Structure formats: structure tokens, C-alpha cells
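What follows is a short report on a single structure.
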Amino acid sequence: MTYPGPARTSERPPRPGTVTAAVLVVVVVVLGVVSLVVTDGAASDASARPSRATGPVADVPRGSPPDAAADEDDGVVPDGTTIFDDVPAVARLDPGLLASVRRAAADAGRSGIGFSVNSGWRSPRYQEQLLREAVATYGSEREAARWVATADTSPHVSGDAVDIGPAESAAWLSAHGAGYGLCRVYRNEPWHFELRPAAVHSGCPPLYADPTDDPRMRE
């Protein structure tokens with residue numbers, strides 16, 4: 001018995017060129033999808049991130065210089081300044097206070113004691129700077145107030161106070177100042193003197209513990 005051979009089919013194998021073209025089409029489609037996904041993801045990321053043009057706005061407008069520190073014109077005292085020098089911190093003191101301190105300094109000088117000025121008249125700007133520094137140093141406005149007054153209440157801003165150094169000179173003035181109408185005001189500031197004309201006859205008034213004890217600081 002004989003068996004017929006395999007039946008012939010009418011389908012022909014694809015041509016090589018046709019296969020290559022089909023592969024290329026698939027590759028193009030896949031790349032297109034990937035590109036679309038990546039582009040869409042990038043766009044989403046970009047919309048989620050703030051652009052550089054719309055970043056945070058600075059507290060100070062661009063181009064505005066920072067506040068300049070106080071200088072000699074504000075009452076900053078150059079090193080080695082004496083009560084006889086003509087710098088703003090000295091020259092802008094109350095005339096009566098300045099004359100009294102100069103008389104005392106002249107007399108103290110005969111005993112070999114010289115008066116340096118650690119601080120005198122101050123501009124409001126300088127006083128505010130010193131208060132900010134005191135708050136940073138002492139940790140609170142309440143504690144800073146024991147050492148530095150506000151620009152509205154400080155006798156330095158009005159030219160009615162002078163800080164004398166070194167320590168031996170301040171001690172001399174504390175002992176003899178009443179005769180010139182000059183008095184210490186605060187127990188915690190042995191260098192701080194103000195004019196009290198009545199002290200020439202009745203002596204200096206009792207000391208305040210510190211500026212927070214002074215009624216003038218609460219006006």
C-alpha cells in the first residue's frame with residue numbers, strides 16, 4: 001500500500017524584505033510609545049517643580065544694600081578718645097554735662113588720672129543697633145533692657161549720659177563726681193554718669209539697680 005506525499009499548501013513563505021519592513025514598523029511604534037511616556041513624565045515633573053523664574057521672593061528687594069553699621073557720625077567712639085576730643089560722641093553731649101566732665105577730668109589729670117570716653121552721645125540708629133546686639137548677647141529683650149535702653153528712652157541719645165573709662169577713672173569720678181554735679185545712676189554700670197546739678201550741695205541720689213529700675217525707661 002502506498003501513502004501519498006504531504007499535501008501542498010497554497011501559502012508562500014514571506015519574503016525577507018517584507019519581514020524586515022514589519023520589524024521596522026514595530027520598532028518605530030515601540031519607540032514612539034516610549035518617547036510619549038518619557039516626554040509626558042518629564043512634563044509632569046516640570047509642572048511639579050517650581051521654575052527658577054518663580055522661586056521664593058527674598059525679604060529684601062534685589063539690589064537693596066543691607067543696613068550699614070553705625071559709624072563715627074552715629075556716635076561710635078574711636079579708640080583712645082578723651083573727653084577733650086571733638087568727635088560727635090563727645091561734641092554732641094549736653095553742654096552742661098560736657099563742661100562738668102571736662103572740669104573733673106582736668107582736676108583728675110593733676111593726679112595722673114585720665115578720662116577716656118567709652119560712649120557718649122549716640123544716634124537713634126546706633127542705639128537700636130546696640131539694643132539688637134544686647135538681645136542677641138543676653139537672649140531676651142527683658143535681660144537686654146538691664147544694660148541697653150531703647151532709642152526713645154536712652155539718655156545717650158539725648159546727649160545726657162557719658163560712659164567713662166578705664167575703671168580707675170570711673171572709680172575716681174564716682175568718689176568725687178558729686179562736687180561737679182556728676183553722678184553714677186545705675187549700680188550695675190559703674191562707668192555711666194549723668195549731670196545732677198543739685199548733687200553739688202546735696203550729694204548724688206540713690207542708685208538704681210539697673211535701667212529697668214529707672215522710671216524714665218518706662219515712660
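The way I read the labels, and the way they are meant: chains A, B, ... in the order of the C-alpha cells, residue 1 as the first residue of every chain, and ligand 1 as the first ligand shown, with later ones counted on from there.
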Could you name the residues that touch Trp172 (chain A) at 10 Å or less, counting only C-alpha atoms, but leaving out those on the same chain fewer than 4 positions away, as a VMD selection string?
chain A and resid 104 to 105 108 113 115 167 to 168 176 to 177
For the residues in that selection, give me all heavy atoms as a PDB file, in the first residue's frame.
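Result went into selection-v8.pdb, see below:
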```
ATOM      1  N   ALA A 104      36.091 118.041  85.757  1.00  0.00           N
ATOM      2  CA  ALA A 104      36.512 116.914  86.600  1.00  0.00           C
ATOM      3  C   ALA A 104      37.737 116.231  86.020  1.00  0.00           C
ATOM      4  O   ALA A 104      38.670 115.858  86.762  1.00  0.00           O
ATOM      5  CB  ALA A 104      35.358 115.916  86.729  1.00  0.00           C
ATOM      6  N   ALA A 105      37.764 116.077  84.691  1.00  0.00           N
ATOM      7  CA  ALA A 105      38.902 115.418  84.045  1.00  0.00           C
ATOM      8  C   ALA A 105      40.173 116.227  84.229  1.00  0.00           C
ATOM      9  O   ALA A 105      41.266 115.666  84.433  1.00  0.00           O
ATOM     10  CB  ALA A 105      38.617 115.209  82.564  1.00  0.00           C
ATOM     11  N   ALA A 108      41.302 115.602  87.769  1.00  0.00           N
ATOM     12  CA  ALA A 108      41.807 114.236  87.918  1.00  0.00           C
ATOM     13  C   ALA A 108      43.155 114.084  87.245  1.00  0.00           C
ATOM     14  O   ALA A 108      44.034 113.342  87.723  1.00  0.00           O
ATOM     15  CB  ALA A 108      40.804 113.238  87.318  1.00  0.00           C
ATOM     16  N   ILE A 113      45.361 110.848  86.533  1.00  0.00           N
ATOM     17  CA  ILE A 113      44.235 110.027  86.084  1.00  0.00           C
ATOM     18  C   ILE A 113      43.603 110.661  84.853  1.00  0.00           C
ATOM     19  O   ILE A 113      43.197 111.834  84.883  1.00  0.00           O
ATOM     20  CB  ILE A 113      43.177 109.876  87.203  1.00  0.00           C
ATOM     21  CG1 ILE A 113      43.786 109.114  88.380  1.00  0.00           C
ATOM     22  CG2 ILE A 113      41.935 109.173  86.688  1.00  0.00           C
ATOM     23  CD1 ILE A 113      42.885 109.021  89.589  1.00  0.00           C
ATOM     24  N   PHE A 115      40.718 110.598  81.701  1.00  0.00           N
ATOM     25  CA  PHE A 115      39.363 110.134  81.379  1.00  0.00           C
ATOM     26  C   PHE A 115      39.283 109.738  79.909  1.00  0.00           C
ATOM     27  O   PHE A 115      39.495 110.577  79.021  1.00  0.00           O
ATOM     28  CB  PHE A 115      38.331 111.247  81.624  1.00  0.00           C
ATOM     29  CG  PHE A 115      37.990 111.469  83.068  1.00  0.00           C
ATOM     30  CD1 PHE A 115      38.758 110.933  84.094  1.00  0.00           C
ATOM     31  CD2 PHE A 115      36.891 112.244  83.413  1.00  0.00           C
ATOM     32  CE1 PHE A 115      38.445 111.152  85.424  1.00  0.00           C
ATOM     33  CE2 PHE A 115      36.568 112.475  84.744  1.00  0.00           C
ATOM     34  CZ  PHE A 115      37.347 111.930  85.754  1.00  0.00           C
ATOM     35  N   ALA A 167      38.637 101.733  84.437  1.00  0.00           N
ATOM     36  CA  ALA A 167      37.945 101.504  85.704  1.00  0.00           C
ATOM     37  C   ALA A 167      38.414 102.460  86.807  1.00  0.00           C
ATOM     38  O   ALA A 167      37.602 102.968  87.592  1.00  0.00           O
ATOM     39  CB  ALA A 167      38.142 100.056  86.153  1.00  0.00           C
ATOM     40  N   GLU A 168      39.708 102.745  86.865  1.00  0.00           N
ATOM     41  CA  GLU A 168      40.200 103.632  87.931  1.00  0.00           C
ATOM     42  C   GLU A 168      39.688 105.058  87.748  1.00  0.00           C
ATOM     43  O   GLU A 168      39.436 105.776  88.732  1.00  0.00           O
ATOM     44  CB  GLU A 168      41.728 103.614  87.984  1.00  0.00           C
ATOM     45  CG  GLU A 168      42.419 104.182  86.749  1.00  0.00           C
ATOM     46  CD  GLU A 168      43.933 104.290  86.922  1.00  0.00           C
ATOM     47  OE1 GLU A 168      44.440 103.868  87.973  1.00  0.00           O
ATOM     48  OE2 GLU A 168      44.581 104.808  86.000  1.00  0.00           O
ATOM     49  N   HIS A 176      34.353 111.428  93.517  1.00  0.00           N
ATOM     50  CA  HIS A 176      34.450 112.894  93.561  1.00  0.00           C
ATOM     51  C   HIS A 176      33.424 113.600  92.670  1.00  0.00           C
ATOM     52  O   HIS A 176      33.347 114.845  92.697  1.00  0.00           O
ATOM     53  CB  HIS A 176      35.861 113.328  93.127  1.00  0.00           C
ATOM     54  CG  HIS A 176      36.958 112.722  93.944  1.00  0.00           C
ATOM     55  ND1 HIS A 176      37.284 113.166  95.211  1.00  0.00           N
ATOM     56  CD2 HIS A 176      37.815 111.697  93.676  1.00  0.00           C
ATOM     57  CE1 HIS A 176      38.298 112.458  95.686  1.00  0.00           C
ATOM     58  NE2 HIS A 176      38.649 111.550  94.779  1.00  0.00           N
ATOM     59  N   GLY A 177      32.668 112.849  91.923  1.00  0.00           N
ATOM     60  CA  GLY A 177      31.794 113.454  90.920  1.00  0.00           C
ATOM     61  C   GLY A 177      30.730 114.388  91.457  1.00  0.00           C
ATOM     62  O   GLY A 177      30.349 115.360  90.787  1.00  0.00           O
TER      63      GLY A 177
END
```
Do a neighbour search on Tyr186 (chain A) at 7 Å with only C-alpha atoms, toss out local chain neighbours closer than 5 positions, and write the hits as a PDB file with N, CA and C atoms, in the first residue's frame.
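The new file part23.pdb reads:
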```
ATOM      1  N   LEU A 207      21.312 105.026  93.951  1.00  0.00           N
ATOM      2  CA  LEU A 207      21.473 104.349  92.658  1.00  0.00           C
ATOM      3  C   LEU A 207      20.268 103.470  92.347  1.00  0.00           C
ATOM      4  N   TYR A 208      19.936 103.396  91.077  1.00  0.00           N
ATOM      5  CA  TYR A 208      19.002 102.380  90.608  1.00  0.00           C
ATOM      6  C   TYR A 208      19.779 101.075  90.425  1.00  0.00           C
ATOM      7  N   ALA A 209      19.114  99.953  90.614  1.00  0.00           N
ATOM      8  CA  ALA A 209      19.794  98.666  90.441  1.00  0.00           C
ATOM      9  C   ALA A 209      20.304  98.521  89.012  1.00  0.00           C
ATOM     10  N   ASP A 210      19.482  98.895  88.059  1.00  0.00           N
ATOM     11  CA  ASP A 210      19.831  98.855  86.644  1.00  0.00           C
ATOM     12  C   ASP A 210      18.778  99.677  85.901  1.00  0.00           C
ATOM     13  N   PRO A 211      18.919  99.873  84.596  1.00  0.00           N
ATOM     14  CA  PRO A 211      17.957 100.716  83.873  1.00  0.00           C
ATOM     15  C   PRO A 211      16.492 100.289  84.000  1.00  0.00           C
TER      16      PRO A 211
END
```
Exercise: Leu182 (chain A) partners within 7 Å, only C-alpha atoms, chain neighbours under 3 positions left out, as a list of chain:residue names:
A:Gly177, A:Ala178, A:Phe193, A:Glu194, A:Leu195, A:Arg196
Go ahead and dump the residues you just picked, all heavy atoms, as a PDB file, in the first residue's frame.
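Output saved as again.pdb:
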```pdb
ATOM      1  N   GLY A 177      32.668 112.849  91.923  1.00  0.00           N
ATOM      2  CA  GLY A 177      31.794 113.454  90.920  1.00  0.00           C
ATOM      3  C   GLY A 177      30.730 114.388  91.457  1.00  0.00           C
ATOM      4  O   GLY A 177      30.349 115.360  90.787  1.00  0.00           O
ATOM      5  N   ALA A 178      30.220 114.124  92.647  1.00  0.00           N
ATOM      6  CA  ALA A 178      29.141 114.959  93.193  1.00  0.00           C
ATOM      7  C   ALA A 178      29.571 116.422  93.271  1.00  0.00           C
ATOM      8  O   ALA A 178      28.749 117.336  93.064  1.00  0.00           O
ATOM      9  CB  ALA A 178      28.741 114.446  94.578  1.00  0.00           C
ATOM     10  N   PHE A 193      27.658 107.999  83.790  1.00  0.00           N
ATOM     11  CA  PHE A 193      27.473 109.216  84.585  1.00  0.00           C
ATOM     12  C   PHE A 193      26.515 110.186  83.880  1.00  0.00           C
ATOM     13  O   PHE A 193      26.520 110.314  82.649  1.00  0.00           O
ATOM     14  CB  PHE A 193      28.818 109.914  84.830  1.00  0.00           C
ATOM     15  CG  PHE A 193      29.728 109.142  85.746  1.00  0.00           C
ATOM     16  CD1 PHE A 193      30.577 108.167  85.227  1.00  0.00           C
ATOM     17  CD2 PHE A 193      29.717 109.359  87.115  1.00  0.00           C
ATOM     18  CE1 PHE A 193      31.408 107.438  86.060  1.00  0.00           C
ATOM     19  CE2 PHE A 193      30.549 108.630  87.953  1.00  0.00           C
ATOM     20  CZ  PHE A 193      31.394 107.663  87.434  1.00  0.00           C
ATOM     21  N   GLU A 194      25.746 110.881  84.700  1.00  0.00           N
ATOM     22  CA  GLU A 194      24.828 111.892  84.207  1.00  0.00           C
ATOM     23  C   GLU A 194      24.954 113.140  85.077  1.00  0.00           C
ATOM     24  O   GLU A 194      25.481 113.079  86.202  1.00  0.00           O
ATOM     25  CB  GLU A 194      23.387 111.379  84.223  1.00  0.00           C
ATOM     26  CG  GLU A 194      23.177 110.167  83.315  1.00  0.00           C
ATOM     27  CD  GLU A 194      21.730 109.685  83.305  1.00  0.00           C
ATOM     28  OE1 GLU A 194      20.817 110.507  83.578  1.00  0.00           O
ATOM     29  OE2 GLU A 194      21.510 108.489  83.047  1.00  0.00           O
ATOM     30  N   LEU A 195      24.479 114.250  84.551  1.00  0.00           N
ATOM     31  CA  LEU A 195      24.554 115.518  85.271  1.00  0.00           C
ATOM     32  C   LEU A 195      23.384 115.657  86.236  1.00  0.00           C
ATOM     33  O   LEU A 195      22.222 115.546  85.850  1.00  0.00           O
ATOM     34  CB  LEU A 195      24.538 116.677  84.273  1.00  0.00           C
ATOM     35  CG  LEU A 195      24.688 118.089  84.866  1.00  0.00           C
ATOM     36  CD1 LEU A 195      26.050 118.241  85.546  1.00  0.00           C
ATOM     37  CD2 LEU A 195      24.506 119.142  83.769  1.00  0.00           C
ATOM     38  N   ARG A 196      23.719 115.908  87.517  1.00  0.00           N
ATOM     39  CA  ARG A 196      22.734 116.175  88.560  1.00  0.00           C
ATOM     40  C   ARG A 196      23.213 117.409  89.322  1.00  0.00           C
ATOM     41  O   ARG A 196      23.909 117.301  90.339  1.00  0.00           O
ATOM     42  CB  ARG A 196      22.591 114.978  89.512  1.00  0.00           C
ATOM     43  CG  ARG A 196      22.133 113.681  88.875  1.00  0.00           C
ATOM     44  CD  ARG A 196      20.654 113.759  88.499  1.00  0.00           C
ATOM     45  NE  ARG A 196      20.171 112.457  88.017  1.00  0.00           N
ATOM     46  CZ  ARG A 196      20.215 112.064  86.759  1.00  0.00           C
ATOM     47  NH1 ARG A 196      20.740 112.885  85.832  1.00  0.00           N
ATOM     48  NH2 ARG A 196      19.740 110.890  86.401  1.00  0.00           N
TER      49      ARG A 196
END
```
Rounded to one decimal, what separation in Å do you get between CA of Ala69 (chain A) and CA of Glu133 (chain A)?
11.7 Å
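Separating CA of Gly75 (chain A) from CA of Trp147 (chain A) is a distance of 17.6 Å.
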Could you tell me which of A:Pro190, A:Ser140, A:Val117, A:Pro205 comes closest to Leu93 (chain A) if we count only C-alpha atoms?
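The answer is A:Val117, which sits nearest to Leu93 (chain A).
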Enumerate, as an MDAnalysis selection string, the complete set of residues in region 161-191 of chain A that a backbone-based DSSP assignment places in alpha helix (DSSP H).
chainID A and resid 167:176
Quick one: everything within 9 Å of Ile83 (chain A), counting only C-alpha atoms, minus sequence neighbours fewer than 3 positions away in the same chain. Send it as a list in words.
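Residues near the query, excluding close chain neighbours: Asp86, Val90, Ala91, Leu98, Val101, Arg102, Ala105, Phe115, Ser116, Val117 and Ile164 of chain A.
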Store the residues of this selection in a file with N, CA and C atoms, as a JSON list (two decimals), in the first residue's frame.
```
[["chain", "number", "residue", "atom", "x", "y", "z"],
["A", 86, "ASP", "N", 37.13, 116.25, 69.87],
["A", 86, "ASP", "CA", 36.00, 116.86, 69.18],
["A", 86, "ASP", "C", 35.39, 115.86, 68.19],
["A", 90, "VAL", "N", 31.38, 113.04, 71.68],
["A", 90, "VAL", "CA", 31.72, 113.99, 72.75],
["A", 90, "VAL", "C", 31.10, 115.36, 72.48],
["A", 91, "ALA", "N", 31.27, 115.85, 71.27],
["A", 91, "ALA", "CA", 30.82, 117.21, 70.93],
["A", 91, "ALA", "C", 29.31, 117.37, 71.05],
["A", 98, "LEU", "N", 29.00, 118.14, 79.43],
["A", 98, "LEU", "CA", 30.35, 118.13, 78.86],
["A", 98, "LEU", "C", 31.28, 119.05, 79.65],
["A", 101, "VAL", "N", 32.18, 117.39, 83.06],
["A", 101, "VAL", "CA", 33.10, 116.26, 82.94],
["A", 101, "VAL", "C", 34.49, 116.76, 82.60],
["A", 102, "ARG", "N", 34.59, 117.78, 81.77],
["A", 102, "ARG", "CA", 35.90, 118.33, 81.43],
["A", 102, "ARG", "C", 36.57, 118.97, 82.63],
["A", 105, "ALA", "N", 37.76, 116.08, 84.69],
["A", 105, "ALA", "CA", 38.90, 115.42, 84.04],
["A", 105, "ALA", "C", 40.17, 116.23, 84.23],
["A", 115, "PHE", "N", 40.72, 110.60, 81.70],
["A", 115, "PHE", "CA", 39.36, 110.13, 81.38],
["A", 115, "PHE", "C", 39.28, 109.74, 79.91],
["A", 116, "SER", "N", 38.97, 108.49, 79.66],
["A", 116, "SER", "CA", 38.63, 108.05, 78.32],
["A", 116, "SER", "C", 37.11, 108.00, 78.20],
["A", 117, "VAL", "N", 36.64, 108.23, 77.00],
["A", 117, "VAL", "CA", 35.20, 108.15, 76.76],
["A", 117, "VAL", "C", 34.91, 106.83, 76.04],
["A", 164, "ILE", "N", 32.53, 106.56, 81.19],
["A", 164, "ILE", "CA", 33.92, 106.92, 81.42],
["A", 164, "ILE", "C", 34.76, 105.68, 81.72]]
```
Using only C-alpha atoms, which of A:Leu131, A:Ala149, A:Asp85, A:Ala198 sits nearest Thr212 (chain A)?
A:Ala149
For a test of reading the model, state the distance in Å between CA of Arg125 (chain A) and CA of Cys183 (chain A), rounded to one decimal.
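Computing the Euclidean distance for CA of Arg125 (chain A) and CA of Cys183 (chain A) yields 26.4 Å.
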Calculated over only C-alpha atoms, which of the candidates A:Gly120, A:Gly112, A:Pro215, A:Gly179 has the smallest distance to His201 (chain A)?
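Answer, going by the shortest atom-to-atom distance: A:Gly179.
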Run DSSP on the backbone and grab whatever in region 111-174 of chain A lands in strand (DSSP E or B); send it over as number ranges by chain.
A: 116-119, 162-165
Next, dump the selected residues to file, keeping only C-alpha atoms, as a compact mmCIF listing (two decimals), in the first residue's frame.
```
# COMPACT_ATOMS: atom_id res chain seq x y z
CA SER A 116 38.63 108.05 78.32
CA VAL A 117 35.20 108.15 76.76
CA ASN A 118 33.80 104.70 76.09
CA SER A 119 30.48 106.09 74.90
CA VAL A 162 28.62 109.57 79.23
CA ASP A 163 30.48 106.33 79.92
CA ILE A 164 33.92 106.92 81.42
CA GLY A 165 36.90 104.57 81.46
```
Rank nothing, just name the residue among A:Val185, A:Ala199, A:Met217, A:Ala136 nearest to Ala151 (chain A), using only C-alpha atoms.
A:Met217
